[in-house]
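Okay, upload.txt is below, compact mmCIF, C-alpha atoms:
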```
# COMPACT_ATOMS: atom_id res chain seq x y z
CA MET T 7 68.44 110.12 96.86
CA SER T 8 71.21 107.71 97.84
CA ILE T 9 73.63 105.47 96.00
CA TYR T 10 75.80 102.70 97.36
CA ILE T 11 79.28 101.78 96.19
CA TYR T 12 80.88 98.54 97.35
CA ILE T 13 84.63 98.01 97.50
CA TYR T 14 84.93 94.25 97.42
CA ILE T 15 87.91 91.98 96.99
CA TYR T 16 87.65 89.33 94.33
CA MET T 17 90.09 87.25 92.32
CA HIS T 18 89.94 86.25 88.67
CA VAL T 19 92.29 83.39 87.76
CA PHE T 20 93.13 82.20 84.23
CA LEU T 21 93.29 78.40 84.08
CA SER T 22 93.98 76.13 81.11
CA THR T 23 91.31 73.68 79.95
CA GLU T 24 93.80 71.09 78.67
CA SER T 25 92.99 67.52 79.70
CA ASN T 26 95.88 67.39 82.20
CA SER T 27 95.13 70.71 83.87
CA PRO T 28 93.60 71.32 87.32
CA LEU T 29 90.73 73.24 85.72
CA PHE T 30 89.86 70.26 83.50
CA PHE T 31 89.70 68.17 86.67
CA LEU T 32 87.43 70.74 88.31
CA LEU T 33 85.15 70.87 85.28
CA GLN T 34 84.89 67.09 85.14
CA LYS T 35 84.35 66.72 88.87
CA GLY T 36 81.60 69.09 89.92
CA GLU T 37 81.68 67.75 93.46
CA THR T 38 85.28 68.99 93.78
CA VAL T 39 84.22 72.59 93.17
CA LYS T 40 81.32 72.12 95.58
CA LYS T 41 83.70 70.81 98.23
CA MET T 42 86.06 73.76 97.71
CA ARG T 43 83.16 76.18 98.10
CA GLU T 44 81.98 74.49 101.29
CA GLU T 45 85.43 74.20 102.88
CA SER T 46 86.62 77.70 101.96
CA GLY T 47 83.36 79.62 102.30
CA ALA T 48 84.15 81.43 99.03
CA ARG T 49 82.03 81.60 95.91
CA ILE T 50 83.86 79.91 93.03
CA ASN T 51 82.55 80.28 89.48
CA ILE T 52 84.09 79.04 86.23
CA SER T 53 83.36 80.90 83.01
CA GLU T 54 81.76 79.01 80.11
CA GLY T 55 83.09 78.73 76.56
CA ASN T 56 85.36 76.74 74.29
CA CYS T 57 88.49 78.90 74.54
CA PRO T 58 91.77 77.27 75.71
CA GLU T 59 91.58 79.17 79.00
CA ARG T 60 88.71 79.92 81.34
CA ILE T 61 88.37 82.47 84.11
CA VAL T 62 87.79 81.22 87.62
CA THR T 63 86.22 83.93 89.78
CA ILE T 64 86.67 83.70 93.54
CA THR T 65 84.68 86.10 95.73
CA GLY T 66 83.95 86.44 99.42
CA PRO T 67 85.66 87.47 102.66
CA THR T 68 89.43 87.70 102.32
CA ASP T 69 90.11 84.64 104.48
CA ALA T 70 87.71 82.58 102.34
CA ILE T 71 89.42 83.78 99.16
CA PHE T 72 92.81 82.77 100.56
CA LYS T 73 91.54 79.28 101.45
CA ALA T 74 90.05 78.73 98.00
CA PHE T 75 93.15 80.07 96.29
CA ALA T 76 95.36 77.80 98.41
CA MET T 77 93.30 74.77 97.36
CA ILE T 78 93.77 75.63 93.68
CA ALA T 79 97.50 76.34 94.10
CA TYR T 80 98.10 73.02 95.88
CA LYS T 81 96.07 71.23 93.20
CA PHE T 82 98.45 72.73 90.62
CA GLU T 83 101.46 71.43 92.55
CA GLU T 84 99.87 68.00 92.92
CA ASP T 85 99.36 67.77 89.16
CA ILE T 86 102.95 68.89 88.49
CA ILE T 87 104.29 66.16 90.81
CA ASN T 88 102.05 63.53 89.18
CA SER T 89 103.15 64.55 85.70
CA MET T 90 106.82 64.20 86.70
CA SER T 91 106.36 60.54 87.61
CA ASN T 92 106.45 59.65 83.91
CA SER T 93 108.98 62.30 82.95
CA PRO T 94 112.80 62.27 82.89
CA ALA T 95 112.83 65.77 84.41
CA THR T 96 114.59 65.95 87.78
CA SER T 97 113.72 69.48 88.89
CA LYS T 98 110.16 70.44 89.73
CA PRO T 99 108.90 73.48 87.77
CA PRO T 100 107.22 76.26 89.76
CA VAL T 101 103.47 76.60 90.07
CA THR T 102 102.29 79.42 87.81
CA LEU T 103 98.94 81.22 87.99
CA ARG T 104 97.64 84.26 86.16
CA LEU T 105 95.37 86.71 87.93
CA VAL T 106 93.15 89.20 86.13
CA VAL T 107 93.37 92.61 87.85
CA PRO T 108 91.62 95.88 86.91
CA ALA T 109 94.14 98.05 85.06
CA SER T 110 93.24 100.95 87.37
CA GLN T 111 94.67 98.99 90.32
CA CYS T 112 97.85 97.73 88.65
CA GLY T 113 99.74 100.94 89.36
CA SER T 114 99.17 100.44 93.08
CA LEU T 115 100.49 96.89 92.80
CA ILE T 116 103.64 98.05 90.99
CA GLY T 117 104.27 101.09 93.20
CA LYS T 118 106.35 104.14 92.44
CA GLY T 119 109.42 103.09 90.48
CA GLY T 120 108.43 99.43 90.96
CA SER T 121 108.94 99.61 94.74
CA LYS T 122 105.79 97.71 95.73
CA ILE T 123 106.20 94.80 93.32
CA LYS T 124 109.87 94.51 94.26
CA GLU T 125 108.87 94.30 97.92
CA MET T 126 106.36 91.54 97.09
CA ARG T 127 108.98 89.53 95.23
CA GLU T 128 111.54 89.82 98.01
CA SER T 129 109.17 89.14 100.92
CA THR T 130 107.30 86.18 99.37
CA GLY T 131 109.93 84.60 97.12
CA ALA T 132 107.41 84.50 94.27
CA GLN T 133 108.02 85.86 90.79
CA VAL T 134 105.44 88.51 89.90
CA GLN T 135 104.94 89.97 86.44
CA VAL T 136 102.35 92.62 85.53
CA ALA T 137 101.47 92.68 81.84
CA GLY T 138 102.02 95.98 80.08
CA ASP T 139 98.93 95.69 77.88
CA MET T 140 95.32 95.16 78.79
CA LEU T 141 93.64 91.89 77.88
CA PRO T 142 91.71 91.91 74.57
CA ASN T 143 88.36 93.72 74.81
CA SER T 144 88.97 94.35 78.50
CA THR T 145 89.99 97.00 81.02
CA GLU T 146 92.01 94.44 82.97
CA ARG T 147 95.60 93.24 82.89
CA ALA T 148 97.14 89.85 83.65
CA VAL T 149 99.36 89.43 86.70
CA THR T 150 101.46 86.25 86.49
CA ILE T 151 102.68 84.71 89.76
CA SER T 152 105.16 81.81 89.88
CA GLY T 153 106.68 79.93 92.79
CA THR T 154 105.77 77.41 95.46
CA PRO T 155 102.11 77.29 96.55
CA GLU T 156 103.13 78.91 99.84
CA ALA T 157 104.91 81.77 98.07
CA ILE T 158 101.98 82.30 95.71
CA ILE T 159 99.46 82.37 98.55
CA GLN T 160 101.54 84.94 100.47
CA CYS T 161 101.81 87.03 97.31
CA VAL T 162 98.04 86.92 96.75
CA LYS T 163 97.51 88.03 100.36
CA GLN T 164 99.73 91.05 99.75
CA ILE T 165 97.84 91.87 96.54
CA CYS T 166 94.57 91.79 98.49
CA VAL T 167 96.04 94.13 101.11
CA VAL T 168 97.06 96.60 98.40
CA MET T 169 93.54 96.55 96.98
CA LEU T 170 92.00 97.15 100.40
CA GLU T 171 94.40 100.04 101.00
CA LEU T 172 92.81 101.87 98.07
CA ILE T 173 90.00 102.91 100.41
CA GLY T 174 92.62 104.81 102.42
CA CYS T 175 93.46 107.02 99.45
CA ILE T 176 89.79 108.03 99.22
CA ILE T 177 89.62 108.95 102.91
CA GLY T 178 93.01 110.65 103.11
CA ARG T 179 94.99 111.52 106.23
CA GLN T 180 92.56 112.35 109.04
CA GLY T 181 89.73 112.35 106.50
CA THR T 182 91.09 115.29 104.49
CA LYS T 183 90.42 113.83 101.05
CA ILE T 184 86.90 112.60 101.72
CA ASN T 185 86.06 115.96 103.31
CA GLU T 186 87.28 117.73 100.17
CA ILE T 187 85.05 115.51 98.04
CA ARG T 188 82.09 116.24 100.33
CA GLN T 189 82.64 119.99 100.09
CA MET T 190 83.22 120.05 96.34
CA SER T 191 80.27 117.78 95.48
CA GLY T 192 77.80 118.91 98.12
CA ALA T 193 76.94 115.25 98.75
CA GLN T 194 76.93 113.39 102.04
CA ILE T 195 79.42 110.51 101.95
CA LYS T 196 79.72 107.77 104.53
CA ILE T 197 82.24 104.90 104.46
CA ALA T 198 81.27 101.90 106.58
CA ASN T 199 83.81 99.78 108.41
CA ALA T 200 84.35 96.26 107.08
CA MET T 201 82.48 93.57 108.98
CA GLU T 202 84.62 91.01 110.80
CA GLY T 203 85.81 88.35 108.36
CA SER T 204 84.71 90.39 105.35
CA SER T 205 86.62 92.52 102.86
CA GLU T 206 83.60 94.56 101.82
CA ARG T 207 83.39 98.31 102.48
CA GLN T 208 80.23 100.20 101.67
CA ILE T 209 80.34 103.84 100.56
CA THR T 210 76.98 105.61 100.82
CA ILE T 211 76.53 108.80 98.80
CA THR T 212 73.42 110.89 99.48
CA GLY T 213 72.23 114.06 97.75
CA THR T 214 70.76 115.34 94.52
CA PRO T 215 71.52 113.40 91.31
CA ALA T 216 74.02 116.12 90.35
CA ASN T 217 75.72 115.97 93.78
CA ILE T 218 75.96 112.20 93.63
CA SER T 219 77.28 112.20 90.06
CA LEU T 220 80.01 114.71 90.96
CA ALA T 221 80.96 112.77 94.10
CA GLN T 222 81.30 109.55 92.09
CA TYR T 223 83.45 111.33 89.55
CA LEU T 224 85.71 112.78 92.25
CA ILE T 225 86.09 109.40 93.98
CA ASN T 226 87.03 107.73 90.70
CA ALA T 227 89.43 110.58 89.91
CA ARG T 228 91.05 110.12 93.32
CA LEU T 229 91.57 106.42 92.68
CA THR T 230 92.99 107.13 89.23
CA SER T 231 95.45 109.67 90.67
CA GLU T 232 96.91 106.90 92.83
CA VAL T 233 97.81 104.83 89.79
CA THR T 234 101.52 105.15 89.01
CA GLY T 235 104.13 103.05 87.28
CA MET T 236 101.86 101.63 84.60
CA GLY T 237 104.73 100.02 82.72
CA THR T 238 105.54 96.31 82.58
CA LEU T 239 107.58 95.02 85.51
```
Show the structure stored in the file as structure tokens.
Amino acid sequence: MSIYIYIYIYMHVFLSTESNSPLFFLLQKGETVKKMREESGARINISEGNCPERIVTITGPTDAIFKAFAMIAYKFEEDIINSMSNSPATSKPPVTLRLVVPASQCGSLIGKGGSKIKEMRESTGAQVQVAGDMLPNSTERAVTISGTPEAIIQCVKQICVVMLELIGCIIGRQGTKINEIRQMSGAQIKIANAMEGSSERQITITGTPANISLAQYLINARLTSEVTGMGTL
């Protein structure tokens, strides 16, 4: 018996549905979303409903995600500039996006004592804020990013890198951690390399149902043990 686990990078983005928002434009112009999908190579889906915000899900290879995210960020900036043409305001406000990130991964984004998020802020110039509480009826937390489109895109790239590094904590130095899990569970575990241009890593677990169940538990426990600094920063 075998089971497959996929570690796959995706992005959830909260966008407003107000009539002057980029999301409203995307909803009204279906061909715009289609064009973004074709040009970026990413899958872009917008949640349904009547709530004031929707979730835009972007999935695919990391480079495709970055392209799609850049298109959305620049669309935000374009709308801000257009709105200022009829406004007395002289300074352009920053572009602000909210990501939805699994709470189990937020500790890795923050880092011990806030070291990782501080590094992101300093290296990208973006403001990054991780919510202290999970979203209602969810196991995810909001990560708010503000700045220029370029700063936001660089910040998102670093967030993706952090997520991909989680596979390293499962393997351990010279494979020590994954070997421990193999020995303790009695299961065979193989971790495939990511294909070129893709962020997906496949973990294959083979053995009896009990072996597989224990291996899954140990892998999840290993990921959980990496989560530190769960406070708001």
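With atom CA of Lys40 of chain T on one side and atom CA of Ile52 of chain T on the other, the separation reads 12.0 Å.
Closest approach to Gly174 of chain T among T:Ser97, T:Asn199, T:Thr214, T:Thr145: T:Asn199, based on only C-alpha atoms.
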Centre and edge lengths, as lines of an AutoDock Vina configuration file, for the axis-aligned box enclosing every listed atom of segment 117-131 of chain T with 4 Å of padding on each of the six sides, in Å to one decimal?
```
center_x = 107.9
center_y = 94.4
center_z = 95.7
size_x = 15.3
size_y = 27.5
size_z = 18.4
```
Revision key, fill the gap. Correct to one decimal, the distance atom CA of Thr154 of chain T-atom CA of Val101 of chain T is 5.9 Å
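Considering the residues T:Ser114, T:Ile197, T:Thr212, T:Gly192 and counting all atoms listed in the file, Ile165 of chain T has its shortest atom-to-atom contact with T:Ser114.
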Review point. What is the atom CA of Arg104 of chain T to atom CA of Ile151 of chain T distance in Å?
Key: 6.2 Å
Sort by chain and increasing residue number a table of all residues of segment 43-135 of chain T within 6 Å of segment 156-163 of chain T, each with its closest pair of atoms and their distance in Å to one decimal, counting only C-alpha atoms, and write it as JSON lines.
```
{"residue": "T:Thr130", "atom": "CA", "partner": "T:Ala157", "partner_atom": "CA", "distance": 5.2}
{"residue": "T:Gly131", "atom": "CA", "partner": "T:Ala157", "partner_atom": "CA", "distance": 5.8}
{"residue": "T:Ala132", "atom": "CA", "partner": "T:Ala157", "partner_atom": "CA", "distance": 5.3}
```
**Study point:** Non-local contacts of Asn185 of chain T (12 Å; only C-alpha atoms; under 2 positions in same chain excluded) as a list in words
**Key:** Ile176, Ile177, Gly178, Arg179, Gln180, Gly181, Thr182, Lys183, Ile187, Arg188, Gln189, Met190, Ser191, Gly192, Ala193, Gln194, Ile195, Lys196, Ile197, Ala221, Leu224 and Ile225 of chain T
